[in-house]
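Everything on this sheet refers to the single structure shown next.
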Amino acid sequence: MRKVMKSCGIISTLQALSRDPGADGAALSEVVRRYPFRTNEYYQGLIRQTGDPLWRQVMPDAMELSDDAGLQDPLAEEALSPVPNLVHRYPNRVLWLVSHECALHCRFCTRKRRWSSPLPMTGELLRDGLRYIRENPQVNDVLLSGGDPLLLDPSRLETILGELRHIPHVAVLRIGTRVPCALPERVTGELATMLARHHPLFLNIHFNHPREITEESRRACALLADAGIPLGSQTVLLRDVNDDAHVLGELFQTLLGLRVRPYYLMQMDLTRGTAHFRTPLSRGLEIVARLRNRISGMAVPQLVVDLPGGLGKVPLVPNRIEHIGEDHVVFRSYQGAPCRYPVREEEAREMREVLGMVRV
Ligand SMILES: *Cc1c(COP(=O)(O)O)cnc(C)c1O
Ligand code: SF4
């Protein structure tokens, strides 16, 4: 396989910040001591000015230190790891952290606790993870994440995928990655061909802003889609980055055009050091309510909140039911028009019960 990695222009010193005249050097040094800075030449090249939506995603901010209310590990991933780096939260699927490197450090990352003291990813831990999956036949869906699995040496990733494919009860493989968006030069035809040898394999790409879609990221997505890999996207809802229906509508529609199906729009987790990125819960609901029916349904992802304590993701869905009567339900259309929908009395009663159940 062609050697594409070398350094890939990874930048990890604050020198890169020096062109920002407003930066408070001492405060930022403290920030990056706690949460190391990492970016790369490609992504830096997309930034147009200080404070723009791409800048905010990667540049350290003094506010990261003033948020003590957040949790180190909001999703209780460490507690839910039967072996290190492998999170088993739902019965049939596991999240396996196989890399601790990323193309860049997103300042809002849920796993930023790991940046300064990453758990080692030794061959022994990989064997432990594989053994756990082998010994738990209910696990039929393995989601590789990190860090970013596509920053692993491709031959190492191929070994991991191959080992998983040898486990008969593992049906679906998934990779969560930011590489096609944040370091697209890492995606080569060889890599796409290698991934496609492990079907069914799905790739979910982390994209947050329409300006992350460039010639290079388009090319990376096309290579993967042409190799037959179903592509999805995950987007984190971020204050002053993408918390706007026009921005997200454009992002999701453009992604669909690249054969990337928007999958999740995620409410910011309650991670310590990220409060300045969090939007009120109502914001995401408002945005998906505005997008629904106005753009293709295939372009609207599911808005989810990942519950603290590792209780799992729950969908947040705008309420379009205004009233449940004796023999009818009143819906509200996307344009705000009320619609009286006739139902049998028994049906109305069941509706009230079912909705009451989820409302608790
Ligand atoms: C998000 C997540 C999954 C996958 O959930 P899906 O809803 O199936 O995409 C699995 N395990 C953990 C720990 C997760 O956080
Ligand atoms: S790419 Fe993902 S794991 Fe890596 S820093 Fe960004 S959000 Fe975190």
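Here's how to read the names in the structure tokens: chain A, B, ... by the order shown, residue numbers from 1 in each chain, ligand numbers from 1 in the order shown.
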
inquiry  = Need to verify the contact set: His276 (chain A), 10 Å, only C-alpha atoms, exclusion of same-chain residues closer than 6 positions in sequence. Can you return it as a VMD selection string?
reply    = chain A and resid 61 63 to 64 66 to 67 108 238 to 240

Mind dumping the selected residues with all heavy atoms as a PDB file, in the first residue's frame?
ATOM      1  N   ASP A  61      -9.648  27.418  23.487  1.00  0.00           N
ATOM      2  CA  ASP A  61     -10.362  28.593  23.976  1.00  0.00           C
ATOM      3  C   ASP A  61     -10.253  28.596  25.501  1.00  0.00           C
ATOM      4  O   ASP A  61     -10.443  27.552  26.138  1.00  0.00           O
ATOM      5  CB  ASP A  61     -11.834  28.468  23.540  1.00  0.00           C
ATOM      6  CG  ASP A  61     -12.623  29.732  23.820  1.00  0.00           C
ATOM      7  OD1 ASP A  61     -12.493  30.298  24.930  1.00  0.00           O
ATOM      8  OD2 ASP A  61     -13.382  30.142  22.921  1.00  0.00           O
ATOM      9  N   MET A  63     -12.212  29.394  27.608  1.00  0.00           N
ATOM     10  CA  MET A  63     -13.451  28.939  28.257  1.00  0.00           C
ATOM     11  C   MET A  63     -13.434  27.440  28.580  1.00  0.00           C
ATOM     12  O   MET A  63     -14.222  26.979  29.403  1.00  0.00           O
ATOM     13  CB  MET A  63     -14.664  29.280  27.396  1.00  0.00           C
ATOM     14  CG  MET A  63     -15.072  30.739  27.567  1.00  0.00           C
ATOM     15  SD  MET A  63     -16.643  31.118  26.794  1.00  0.00           S
ATOM     16  CE  MET A  63     -16.193  31.255  25.085  1.00  0.00           C
ATOM     17  N   GLU A  64     -12.552  26.699  27.929  1.00  0.00           N
ATOM     18  CA  GLU A  64     -12.475  25.258  28.215  1.00  0.00           C
ATOM     19  C   GLU A  64     -12.104  24.988  29.666  1.00  0.00           C
ATOM     20  O   GLU A  64     -12.397  23.930  30.205  1.00  0.00           O
ATOM     21  CB  GLU A  64     -11.461  24.580  27.283  1.00  0.00           C
ATOM     22  CG  GLU A  64     -11.926  24.561  25.845  1.00  0.00           C
ATOM     23  CD  GLU A  64     -10.860  24.046  24.888  1.00  0.00           C
ATOM     24  OE1 GLU A  64     -10.246  23.007  25.159  1.00  0.00           O
ATOM     25  OE2 GLU A  64     -10.640  24.710  23.849  1.00  0.00           O
ATOM     26  N   SER A  66     -12.980  27.037  32.236  1.00  0.00           N
ATOM     27  CA  SER A  66     -13.908  27.633  33.202  1.00  0.00           C
ATOM     28  C   SER A  66     -15.198  26.817  33.331  1.00  0.00           C
ATOM     29  O   SER A  66     -16.144  27.247  33.969  1.00  0.00           O
ATOM     30  CB  SER A  66     -14.219  29.077  32.814  1.00  0.00           C
ATOM     31  OG  SER A  66     -14.763  29.106  31.511  1.00  0.00           O
ATOM     32  N   ASP A  67     -15.222  25.644  32.747  1.00  0.00           N
ATOM     33  CA  ASP A  67     -16.421  24.801  32.828  1.00  0.00           C
ATOM     34  C   ASP A  67     -16.152  23.628  33.752  1.00  0.00           C
ATOM     35  O   ASP A  67     -15.605  22.609  33.351  1.00  0.00           O
ATOM     36  CB  ASP A  67     -16.783  24.308  31.418  1.00  0.00           C
ATOM     37  CG  ASP A  67     -17.811  23.183  31.439  1.00  0.00           C
ATOM     38  OD1 ASP A  67     -18.599  23.116  32.406  1.00  0.00           O
ATOM     39  OD2 ASP A  67     -17.829  22.380  30.495  1.00  0.00           O
ATOM     40  N   PHE A 108     -14.692  20.204  21.182  1.00  0.00           N
ATOM     41  CA  PHE A 108     -15.936  19.803  21.858  1.00  0.00           C
ATOM     42  C   PHE A 108     -16.000  18.296  22.071  1.00  0.00           C
ATOM     43  O   PHE A 108     -17.025  17.751  22.468  1.00  0.00           O
ATOM     44  CB  PHE A 108     -17.137  20.241  20.993  1.00  0.00           C
ATOM     45  CG  PHE A 108     -16.968  19.852  19.547  1.00  0.00           C
ATOM     46  CD1 PHE A 108     -17.327  18.582  19.118  1.00  0.00           C
ATOM     47  CD2 PHE A 108     -16.404  20.731  18.645  1.00  0.00           C
ATOM     48  CE1 PHE A 108     -17.121  18.194  17.799  1.00  0.00           C
ATOM     49  CE2 PHE A 108     -16.201  20.350  17.313  1.00  0.00           C
ATOM     50  CZ  PHE A 108     -16.562  19.082  16.902  1.00  0.00           C
ATOM     51  N   LEU A 238     -23.477  22.519  17.361  1.00  0.00           N
ATOM     52  CA  LEU A 238     -22.490  23.351  18.069  1.00  0.00           C
ATOM     53  C   LEU A 238     -22.864  24.824  18.018  1.00  0.00           C
ATOM     54  O   LEU A 238     -23.089  25.381  16.932  1.00  0.00           O
ATOM     55  CB  LEU A 238     -21.116  23.177  17.397  1.00  0.00           C
ATOM     56  CG  LEU A 238     -20.540  21.766  17.391  1.00  0.00           C
ATOM     57  CD1 LEU A 238     -19.415  21.653  16.368  1.00  0.00           C
ATOM     58  CD2 LEU A 238     -20.041  21.404  18.786  1.00  0.00           C
ATOM     59  N   ARG A 239     -22.883  25.421  19.187  1.00  0.00           N
ATOM     60  CA  ARG A 239     -23.254  26.832  19.258  1.00  0.00           C
ATOM     61  C   ARG A 239     -22.272  27.694  18.472  1.00  0.00           C
ATOM     62  O   ARG A 239     -21.057  27.532  18.557  1.00  0.00           O
ATOM     63  CB  ARG A 239     -23.255  27.290  20.725  1.00  0.00           C
ATOM     64  CG  ARG A 239     -23.927  28.628  20.895  1.00  0.00           C
ATOM     65  CD  ARG A 239     -24.210  28.899  22.332  1.00  0.00           C
ATOM     66  NE  ARG A 239     -23.130  29.716  22.884  1.00  0.00           N
ATOM     67  CZ  ARG A 239     -22.902  29.869  24.180  1.00  0.00           C
ATOM     68  NH1 ARG A 239     -23.648  29.252  25.056  1.00  0.00           N
ATOM     69  NH2 ARG A 239     -21.931  30.628  24.588  1.00  0.00           N
ATOM     70  N   ASP A 240     -22.795  28.599  17.710  1.00  0.00           N
ATOM     71  CA  ASP A 240     -22.006  29.526  16.892  1.00  0.00           C
ATOM     72  C   ASP A 240     -21.112  28.827  15.865  1.00  0.00           C
ATOM     73  O   ASP A 240     -20.119  29.394  15.407  1.00  0.00           O
ATOM     74  CB  ASP A 240     -21.149  30.458  17.763  1.00  0.00           C
ATOM     75  CG  ASP A 240     -22.019  31.378  18.595  1.00  0.00           C
ATOM     76  OD1 ASP A 240     -23.180  31.621  18.200  1.00  0.00           O
ATOM     77  OD2 ASP A 240     -21.546  31.842  19.652  1.00  0.00           O
TER      78      ASP A 240
END

message = So that I can see what lies close to Ala76 (chain A), please list as a PyMOL selection string the residues with an atom at most 10 Å from it, counting only C-alpha atoms and leaving out residues fewer than 5 positions away in the same chain.
response = chain A and resi 71+81+87+89+307-311

Residues within 7 Å of ligand 1 should be enumerated using only C-alpha atoms and all ligand atoms and returned as a PDB file with C-alpha atoms, in the first residue's frame.
ATOM      1  CA  GLU A  77     -17.741   4.808  28.889  1.00  0.00           C
ATOM      2  CA  VAL A  87     -17.707  -0.004  25.502  1.00  0.00           C
ATOM      3  CA  HIS A  88     -20.600  -2.428  25.797  1.00  0.00           C
ATOM      4  CA  ARG A  89     -23.733  -0.381  26.415  1.00  0.00           C
ATOM      5  CA  TYR A  90     -26.434  -1.994  24.308  1.00  0.00           C
ATOM      6  CA  ARG A  93     -23.429  -3.946  19.749  1.00  0.00           C
ATOM      7  CA  VAL A  94     -20.145  -2.659  21.059  1.00  0.00           C
ATOM      8  CA  LEU A  95     -18.181   0.508  20.545  1.00  0.00           C
ATOM      9  CA  LEU A 143     -18.553   0.001  15.811  1.00  0.00           C
ATOM     10  CA  GLY A 312     -28.072   5.451  25.717  1.00  0.00           C
ATOM     11  CA  LYS A 313     -29.178   7.714  22.909  1.00  0.00           C
TER      12      LYS A 313
END

Would you tabulate, counting only C-alpha atoms and all ligand atoms, all residues of chain A that have an atom at most 10 Å from an atom of ligand 2, showing the closest pair of atoms and their distance in Å to one decimal, sorted by chain then ascending number, as a tab-separated table?
residue	atom	partner	partner_atom_place_in_ligand_line	distance
A:Phe37	CA	ligand 2	5 (S)	10.0
A:Arg38	CA	ligand 2	5 (S)	8.8
A:Thr39	CA	ligand 2	5 (S)	9.7
A:Gln57	CA	ligand 2	6 (Fe)	8.8
A:Val58	CA	ligand 2	6 (Fe)	8.8
A:Leu97	CA	ligand 2	3 (S)	9.3
A:Ser99	CA	ligand 2	3 (S)	9.2
A:His100	CA	ligand 2	3 (S)	7.8
A:Glu101	CA	ligand 2	4 (Fe)	7.0
A:Cys102	CA	ligand 2	4 (Fe)	4.6
A:Ala103	CA	ligand 2	1 (S)	6.5
A:Leu104	CA	ligand 2	5 (S)	6.0
A:His105	CA	ligand 2	5 (S)	3.9
A:Cys106	CA	ligand 2	6 (Fe)	4.1
A:Arg107	CA	ligand 2	5 (S)	7.0
A:Phe108	CA	ligand 2	7 (S)	6.8
A:Cys109	CA	ligand 2	8 (Fe)	4.1
A:Thr110	CA	ligand 2	8 (Fe)	6.3
A:Arg111	CA	ligand 2	8 (Fe)	5.8
A:Lys112	CA	ligand 2	8 (Fe)	6.5
A:Arg113	CA	ligand 2	8 (Fe)	9.9
A:Arg114	CA	ligand 2	8 (Fe)	9.5
A:Trp115	CA	ligand 2	5 (S)	8.4
A:Ser145	CA	ligand 2	3 (S)	7.3
A:Gly146	CA	ligand 2	3 (S)	5.4
A:Gly147	CA	ligand 2	3 (S)	4.3
A:Asp148	CA	ligand 2	4 (Fe)	6.0
A:Pro149	CA	ligand 2	3 (S)	9.6
A:Gly176	CA	ligand 2	2 (Fe)	8.0
A:Thr177	CA	ligand 2	1 (S)	6.6
A:Arg178	CA	ligand 2	1 (S)	5.1
A:Val179	CA	ligand 2	1 (S)	7.7
A:Cys181	CA	ligand 2	1 (S)	9.6
A:Ala182	CA	ligand 2	1 (S)	8.2
A:Ile205	CA	ligand 2	1 (S)	9.5
A:His206	CA	ligand 2	2 (Fe)	7.3
A:Phe207	CA	ligand 2	1 (S)	9.7
A:Thr235	CA	ligand 2	7 (S)	9.7
A:Val236	CA	ligand 2	7 (S)	8.6

Would you mind exporting the chosen residues as a compact mmCIF listing (two decimals), in the first residue's frame, restricted to C-alpha atoms?
# COMPACT_ATOMS: atom_id res chain seq x y z
CA PHE A 37 -3.92 21.12 20.60
CA ARG A 38 -3.84 19.24 17.34
CA THR A 39 -4.75 20.18 13.81
CA GLN A 57 -13.92 23.68 16.15
CA VAL A 58 -10.15 23.29 16.44
CA LEU A 97 -11.92 2.38 20.51
CA SER A 99 -7.07 4.25 17.84
CA HIS A 100 -6.30 7.24 20.02
CA GLU A 101 -5.14 9.49 17.23
CA CYS A 102 -7.33 11.91 15.31
CA ALA A 103 -6.80 14.07 12.25
CA LEU A 104 -7.37 16.99 14.59
CA HIS A 105 -8.66 17.59 18.08
CA CYS A 106 -12.23 18.86 18.03
CA ARG A 107 -12.43 21.10 21.07
CA PHE A 108 -15.94 19.80 21.86
CA CYS A 109 -14.91 16.14 21.83
CA THR A 110 -16.65 13.84 24.32
CA ARG A 111 -13.38 11.94 24.77
CA LYS A 112 -11.12 14.92 25.30
CA ARG A 113 -10.32 13.43 28.73
CA ARG A 114 -8.18 10.91 26.87
CA TRP A 115 -6.05 13.33 24.88
CA SER A 145 -14.06 4.46 16.75
CA GLY A 146 -11.39 6.19 18.78
CA GLY A 147 -9.69 8.45 18.12
CA ASP A 148 -10.03 7.73 14.46
CA PRO A 149 -9.66 4.22 13.04
CA GLY A 176 -16.79 6.22 12.80
CA THR A 177 -14.29 8.62 11.27
CA ARG A 178 -13.53 12.25 10.65
CA VAL A 179 -10.79 11.57 8.10
CA CYS A 181 -13.79 15.47 6.21
CA ALA A 182 -10.73 16.59 8.16
CA ILE A 205 -18.27 10.45 8.67
CA HIS A 206 -18.21 13.32 11.12
CA PHE A 207 -19.07 16.55 9.21
CA THR A 235 -22.96 15.98 13.05
CA VAL A 236 -22.58 17.59 16.44

message = Report, in Å with one decimal, the straight-line distance from CA of Val314 (chain A) to CA of Gly356 (chain A).
response = 16.2 Å

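The space between CA of His209 (chain A) and CA of Pro318 (chain A) spans 22.8 Å.
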
Rows by chain and residue number, region 99-155 of chain A within 10 Å of region 184-197 of chain A, shortest pair, only C-alpha atoms, as CSV:
residue,atom,partner,partner_atom,distance
A:Ala103,CA,A:Pro184,CA,9.5
A:Leu150,CA,A:Arg186,CA,7.8
A:Leu151,CA,A:Arg186,CA,8.0
A:Pro154,CA,A:Leu191,CA,7.0
A:Ser155,CA,A:Met194,CA,9.1

With all heavy atoms retained, write the just-selected residues as a tab-separated table (two decimals), in the first residue's frame.
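Result saved to again-v2.tsv:
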chain	number	residue	atom	x	y	z
A	103	ALA	N	-7.33	13.14	13.25
A	103	ALA	CA	-6.80	14.07	12.25
A	103	ALA	C	-6.63	15.45	12.86
A	103	ALA	O	-5.78	16.23	12.45
A	103	ALA	CB	-7.74	14.13	11.05
A	150	LEU	N	-9.30	5.47	10.96
A	150	LEU	CA	-8.62	5.67	9.67
A	150	LEU	C	-7.27	6.36	9.84
A	150	LEU	O	-6.59	6.62	8.85
A	150	LEU	CB	-9.52	6.45	8.70
A	150	LEU	CG	-10.79	5.73	8.23
A	150	LEU	CD1	-11.38	6.41	7.01
A	150	LEU	CD2	-10.55	4.25	7.92
A	151	LEU	N	-6.87	6.64	11.07
A	151	LEU	CA	-5.50	7.12	11.28
A	151	LEU	C	-4.58	5.96	11.64
A	151	LEU	O	-3.37	6.13	11.76
A	151	LEU	CB	-5.44	8.19	12.36
A	151	LEU	CG	-5.77	9.62	11.93
A	151	LEU	CD1	-5.19	10.61	12.92
A	151	LEU	CD2	-5.28	9.95	10.55
A	154	PRO	N	-2.96	1.42	7.67
A	154	PRO	CA	-4.01	0.64	6.99
A	154	PRO	C	-3.85	-0.88	7.18
A	154	PRO	O	-4.85	-1.59	7.25
A	154	PRO	CB	-3.85	1.04	5.53
A	154	PRO	CG	-3.23	2.39	5.57
A	154	PRO	CD	-2.33	2.41	6.79
A	155	SER	N	-2.61	-1.35	7.29
A	155	SER	CA	-2.45	-2.80	7.43
A	155	SER	C	-2.94	-3.26	8.81
A	155	SER	O	-3.47	-4.36	8.97
A	155	SER	CB	-1.00	-3.21	7.19
A	155	SER	OG	-0.18	-2.67	8.18

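Of note, CA of Phe252 (chain A) and CA of Ser296 (chain A) are spaced 9.3 Å apart.
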
key: alpha helix (DSSP H) call set, DSSP backbone run, region 54-301 of chain A, as number ranges by chain   = A: 54-58, 123-135, 154-165, 179-182, 189-196, 215-226, 245-257, 281-291

ask   = Using only C-alpha atoms, which residues sit within 10 Å of region 43-47 of chain A once same-chain residues fewer than 2 positions away are excluded, as a ChimeraX atom specification?
value = /A:9-11,16,39-41,49-56,58-59,103-104,181-184,211-214

task = Would you please work out which residue, of A:Leu258, A:Ile160, A:Leu285, A:Met266, is nearest to Arg219 (chain A) when using only C-alpha atoms?
result = A:Leu258

ask   = Would you give me, as a count of residues only, the residues in region 11-228 of chain A that DSSP reads as strand (DSSP E or B)?
value = 32

ask   = Looking at only C-alpha atoms, which of A:Pro342, A:Leu126, A:Arg34, A:Gly228 is the one that sits closest to Val330 (chain A)?
value = A:Pro342

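Contact shell of Asp128 (chain A) at 12 Å (only C-alpha atoms; same-chain neighbours under 2 positions omitted): Ser81, Pro82, Val83, Pro84, Asn85, Leu86, Trp96, Val98, Met121, Thr122, Gly123, Glu124, Leu125, Leu126, Leu130, Arg131, Tyr132, Ile133, Arg134 and Glu135 of chain A.
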
Once you have the residues from the selection above, write them out as a tab-separated table (two decimals), in the first residue's frame, restricted to C-alpha atoms.
chain	number	residue	atom	x	y	z
A	81	SER	CA	-15.95	-1.14	29.39
A	82	PRO	CA	-15.63	-4.85	30.24
A	83	VAL	CA	-12.14	-4.67	28.75
A	84	PRO	CA	-10.24	-1.40	28.26
A	85	ASN	CA	-11.28	0.57	25.15
A	86	LEU	CA	-14.36	-1.54	24.45
A	96	TRP	CA	-14.52	-0.35	20.23
A	98	VAL	CA	-9.07	1.07	18.38
A	121	MET	CA	-3.61	0.49	22.15
A	122	THR	CA	-1.34	-2.48	22.53
A	123	GLY	CA	-1.56	-5.74	20.64
A	124	GLU	CA	-2.54	-7.35	23.92
A	125	LEU	CA	-5.51	-5.01	24.44
A	126	LEU	CA	-6.62	-5.63	20.87
A	130	LEU	CA	-11.39	-9.54	20.12
A	131	ARG	CA	-11.67	-12.24	22.75
A	132	TYR	CA	-14.52	-10.39	24.45
A	133	ILE	CA	-16.43	-10.09	21.18
A	134	ARG	CA	-15.78	-13.75	20.36
A	135	GLU	CA	-17.07	-14.83	23.76

task = Excluding Leu291 (chain A) and residues on its chain fewer than 6 positions from it, collect all residues at most 8 Å away from it, counting only C-alpha atoms, and give them as number ranges by chain.
result = A: 245, 249, 300

Please produce an output containing N, CA and C atoms for each residue in the selection, written as a compact mmCIF listing (two decimals), in the first residue's frame.
# COMPACT_ATOMS: atom_id res chain seq x y z
N ALA A 245 -30.67 26.58 10.96
CA ALA A 245 -31.35 25.68 10.02
C ALA A 245 -30.82 25.83 8.59
N GLY A 249 -29.20 22.74 6.89
CA GLY A 249 -29.94 22.30 5.70
C GLY A 249 -29.01 22.19 4.51
N VAL A 300 -32.56 14.50 6.28
CA VAL A 300 -32.77 14.94 7.67
C VAL A 300 -32.33 13.84 8.63

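Those residues that approach Cys339 (chain A) to within 12 Å, counting only C-alpha atoms, are A:Arg320, A:Ile321, A:Glu322, A:His323, A:Ile324, A:His328, A:Val329, A:Val330, A:Phe331, A:Arg332, A:Ser333; same-chain residues fewer than 6 positions away are not listed.
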
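Residue nearest Leu75 (chain A), chosen from A:His198, A:Asp306, A:Gln267, A:Gly297 and counting only C-alpha atoms: A:Asp306.
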
message = Residues near Gln302 (chain A), anyone? I mean within 10 Å using only C-alpha atoms, not counting same-chain ones fewer than 5 positions away, as number ranges by chain.
response = A: 234, 262-266, 288, 314-317

Requested write-out: all heavy atoms of the selected residues, as a PDB file, in the first residue's frame:
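What follows is the written file part_11.pdb:
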ATOM      1  N   GLN A 234     -22.404  11.935  10.783  1.00  0.00           N
ATOM      2  CA  GLN A 234     -22.787  12.337  12.135  1.00  0.00           C
ATOM      3  C   GLN A 234     -22.343  13.773  12.301  1.00  0.00           C
ATOM      4  O   GLN A 234     -21.248  14.144  11.888  1.00  0.00           O
ATOM      5  CB  GLN A 234     -22.112  11.444  13.172  1.00  0.00           C
ATOM      6  CG  GLN A 234     -22.463   9.991  12.942  1.00  0.00           C
ATOM      7  CD  GLN A 234     -22.321   9.121  14.165  1.00  0.00           C
ATOM      8  OE1 GLN A 234     -22.980   8.104  14.271  1.00  0.00           O
ATOM      9  NE2 GLN A 234     -21.469   9.511  15.097  1.00  0.00           N
ATOM     10  N   PRO A 262     -27.247  11.580   5.895  1.00  0.00           N
ATOM     11  CA  PRO A 262     -27.181  12.090   7.271  1.00  0.00           C
ATOM     12  C   PRO A 262     -27.852  11.122   8.253  1.00  0.00           C
ATOM     13  O   PRO A 262     -28.990  10.708   8.042  1.00  0.00           O
ATOM     14  CB  PRO A 262     -27.918  13.432   7.181  1.00  0.00           C
ATOM     15  CG  PRO A 262     -27.687  13.871   5.753  1.00  0.00           C
ATOM     16  CD  PRO A 262     -27.789  12.587   4.962  1.00  0.00           C
ATOM     17  N   TYR A 263     -27.113  10.755   9.298  1.00  0.00           N
ATOM     18  CA  TYR A 263     -27.585   9.725  10.227  1.00  0.00           C
ATOM     19  C   TYR A 263     -27.977  10.350  11.565  1.00  0.00           C
ATOM     20  O   TYR A 263     -29.152  10.322  11.929  1.00  0.00           O
ATOM     21  CB  TYR A 263     -26.474   8.677  10.394  1.00  0.00           C
ATOM     22  CG  TYR A 263     -26.737   7.559  11.376  1.00  0.00           C
ATOM     23  CD1 TYR A 263     -27.940   6.855  11.352  1.00  0.00           C
ATOM     24  CD2 TYR A 263     -25.775   7.187  12.312  1.00  0.00           C
ATOM     25  CE1 TYR A 263     -28.172   5.824  12.257  1.00  0.00           C
ATOM     26  CE2 TYR A 263     -25.998   6.147  13.215  1.00  0.00           C
ATOM     27  CZ  TYR A 263     -27.198   5.471  13.187  1.00  0.00           C
ATOM     28  OH  TYR A 263     -27.421   4.454  14.079  1.00  0.00           O
ATOM     29  N   TYR A 264     -27.029  10.918  12.272  1.00  0.00           N
ATOM     30  CA  TYR A 264     -27.347  11.531  13.565  1.00  0.00           C
ATOM     31  C   TYR A 264     -26.949  13.002  13.603  1.00  0.00           C
ATOM     32  O   TYR A 264     -25.894  13.384  13.090  1.00  0.00           O
ATOM     33  CB  TYR A 264     -26.572  10.825  14.691  1.00  0.00           C
ATOM     34  CG  TYR A 264     -27.194   9.546  15.208  1.00  0.00           C
ATOM     35  CD1 TYR A 264     -26.379   8.512  15.675  1.00  0.00           C
ATOM     36  CD2 TYR A 264     -28.571   9.367  15.274  1.00  0.00           C
ATOM     37  CE1 TYR A 264     -26.930   7.337  16.180  1.00  0.00           C
ATOM     38  CE2 TYR A 264     -29.120   8.190  15.778  1.00  0.00           C
ATOM     39  CZ  TYR A 264     -28.305   7.183  16.221  1.00  0.00           C
ATOM     40  OH  TYR A 264     -28.851   6.023  16.721  1.00  0.00           O
ATOM     41  N   LEU A 265     -27.815  13.798  14.222  1.00  0.00           N
ATOM     42  CA  LEU A 265     -27.448  15.149  14.647  1.00  0.00           C
ATOM     43  C   LEU A 265     -27.430  15.069  16.163  1.00  0.00           C
ATOM     44  O   LEU A 265     -28.439  14.722  16.784  1.00  0.00           O
ATOM     45  CB  LEU A 265     -28.493  16.174  14.171  1.00  0.00           C
ATOM     46  CG  LEU A 265     -28.338  17.604  14.719  1.00  0.00           C
ATOM     47  CD1 LEU A 265     -27.012  18.225  14.287  1.00  0.00           C
ATOM     48  CD2 LEU A 265     -29.503  18.494  14.254  1.00  0.00           C
ATOM     49  N   MET A 266     -26.274  15.329  16.759  1.00  0.00           N
ATOM     50  CA  MET A 266     -26.140  15.034  18.184  1.00  0.00           C
ATOM     51  C   MET A 266     -26.110  16.280  19.047  1.00  0.00           C
ATOM     52  O   MET A 266     -25.317  17.190  18.810  1.00  0.00           O
ATOM     53  CB  MET A 266     -24.866  14.224  18.393  1.00  0.00           C
ATOM     54  CG  MET A 266     -24.861  13.027  17.450  1.00  0.00           C
ATOM     55  SD  MET A 266     -23.372  12.092  17.492  1.00  0.00           S
ATOM     56  CE  MET A 266     -23.932  10.797  18.553  1.00  0.00           C
ATOM     57  N   VAL A 288     -34.631  20.863  13.490  1.00  0.00           N
ATOM     58  CA  VAL A 288     -35.155  19.725  12.722  1.00  0.00           C
ATOM     59  C   VAL A 288     -36.608  19.950  12.327  1.00  0.00           C
ATOM     60  O   VAL A 288     -37.049  19.519  11.267  1.00  0.00           O
ATOM     61  CB  VAL A 288     -34.956  18.342  13.392  1.00  0.00           C
ATOM     62  CG1 VAL A 288     -33.490  17.971  13.453  1.00  0.00           C
ATOM     63  CG2 VAL A 288     -35.573  18.259  14.760  1.00  0.00           C
ATOM     64  N   VAL A 314     -31.296   8.890  23.000  1.00  0.00           N
ATOM     65  CA  VAL A 314     -32.745   8.988  22.801  1.00  0.00           C
ATOM     66  C   VAL A 314     -33.019  10.015  21.713  1.00  0.00           C
ATOM     67  O   VAL A 314     -32.372  11.050  21.659  1.00  0.00           O
ATOM     68  CB  VAL A 314     -33.515   9.387  24.091  1.00  0.00           C
ATOM     69  CG1 VAL A 314     -33.516   8.282  25.101  1.00  0.00           C
ATOM     70  CG2 VAL A 314     -32.961  10.662  24.684  1.00  0.00           C
ATOM     71  N   PRO A 315     -33.968   9.692  20.826  1.00  0.00           N
ATOM     72  CA  PRO A 315     -34.308  10.648  19.777  1.00  0.00           C
ATOM     73  C   PRO A 315     -35.150  11.787  20.344  1.00  0.00           C
ATOM     74  O   PRO A 315     -35.976  11.575  21.231  1.00  0.00           O
ATOM     75  CB  PRO A 315     -35.126   9.819  18.788  1.00  0.00           C
ATOM     76  CG  PRO A 315     -35.631   8.651  19.567  1.00  0.00           C
ATOM     77  CD  PRO A 315     -34.703   8.424  20.712  1.00  0.00           C
ATOM     78  N   LEU A 316     -34.911  12.963  19.830  1.00  0.00           N
ATOM     79  CA  LEU A 316     -35.756  14.115  20.152  1.00  0.00           C
ATOM     80  C   LEU A 316     -36.532  14.434  18.885  1.00  0.00           C
ATOM     81  O   LEU A 316     -35.934  14.700  17.839  1.00  0.00           O
ATOM     82  CB  LEU A 316     -34.892  15.319  20.504  1.00  0.00           C
ATOM     83  CG  LEU A 316     -34.449  15.493  21.939  1.00  0.00           C
ATOM     84  CD1 LEU A 316     -33.615  16.768  22.078  1.00  0.00           C
ATOM     85  CD2 LEU A 316     -35.651  15.570  22.862  1.00  0.00           C
ATOM     86  N   VAL A 317     -37.844  14.406  18.985  1.00  0.00           N
ATOM     87  CA  VAL A 317     -38.672  14.585  17.795  1.00  0.00           C
ATOM     88  C   VAL A 317     -39.652  15.728  18.045  1.00  0.00           C
ATOM     89  O   VAL A 317     -40.339  15.741  19.075  1.00  0.00           O
ATOM     90  CB  VAL A 317     -39.450  13.278  17.495  1.00  0.00           C
ATOM     91  CG1 VAL A 317     -40.267  13.403  16.229  1.00  0.00           C
ATOM     92  CG2 VAL A 317     -38.495  12.101  17.401  1.00  0.00           C
TER      93      VAL A 317
END
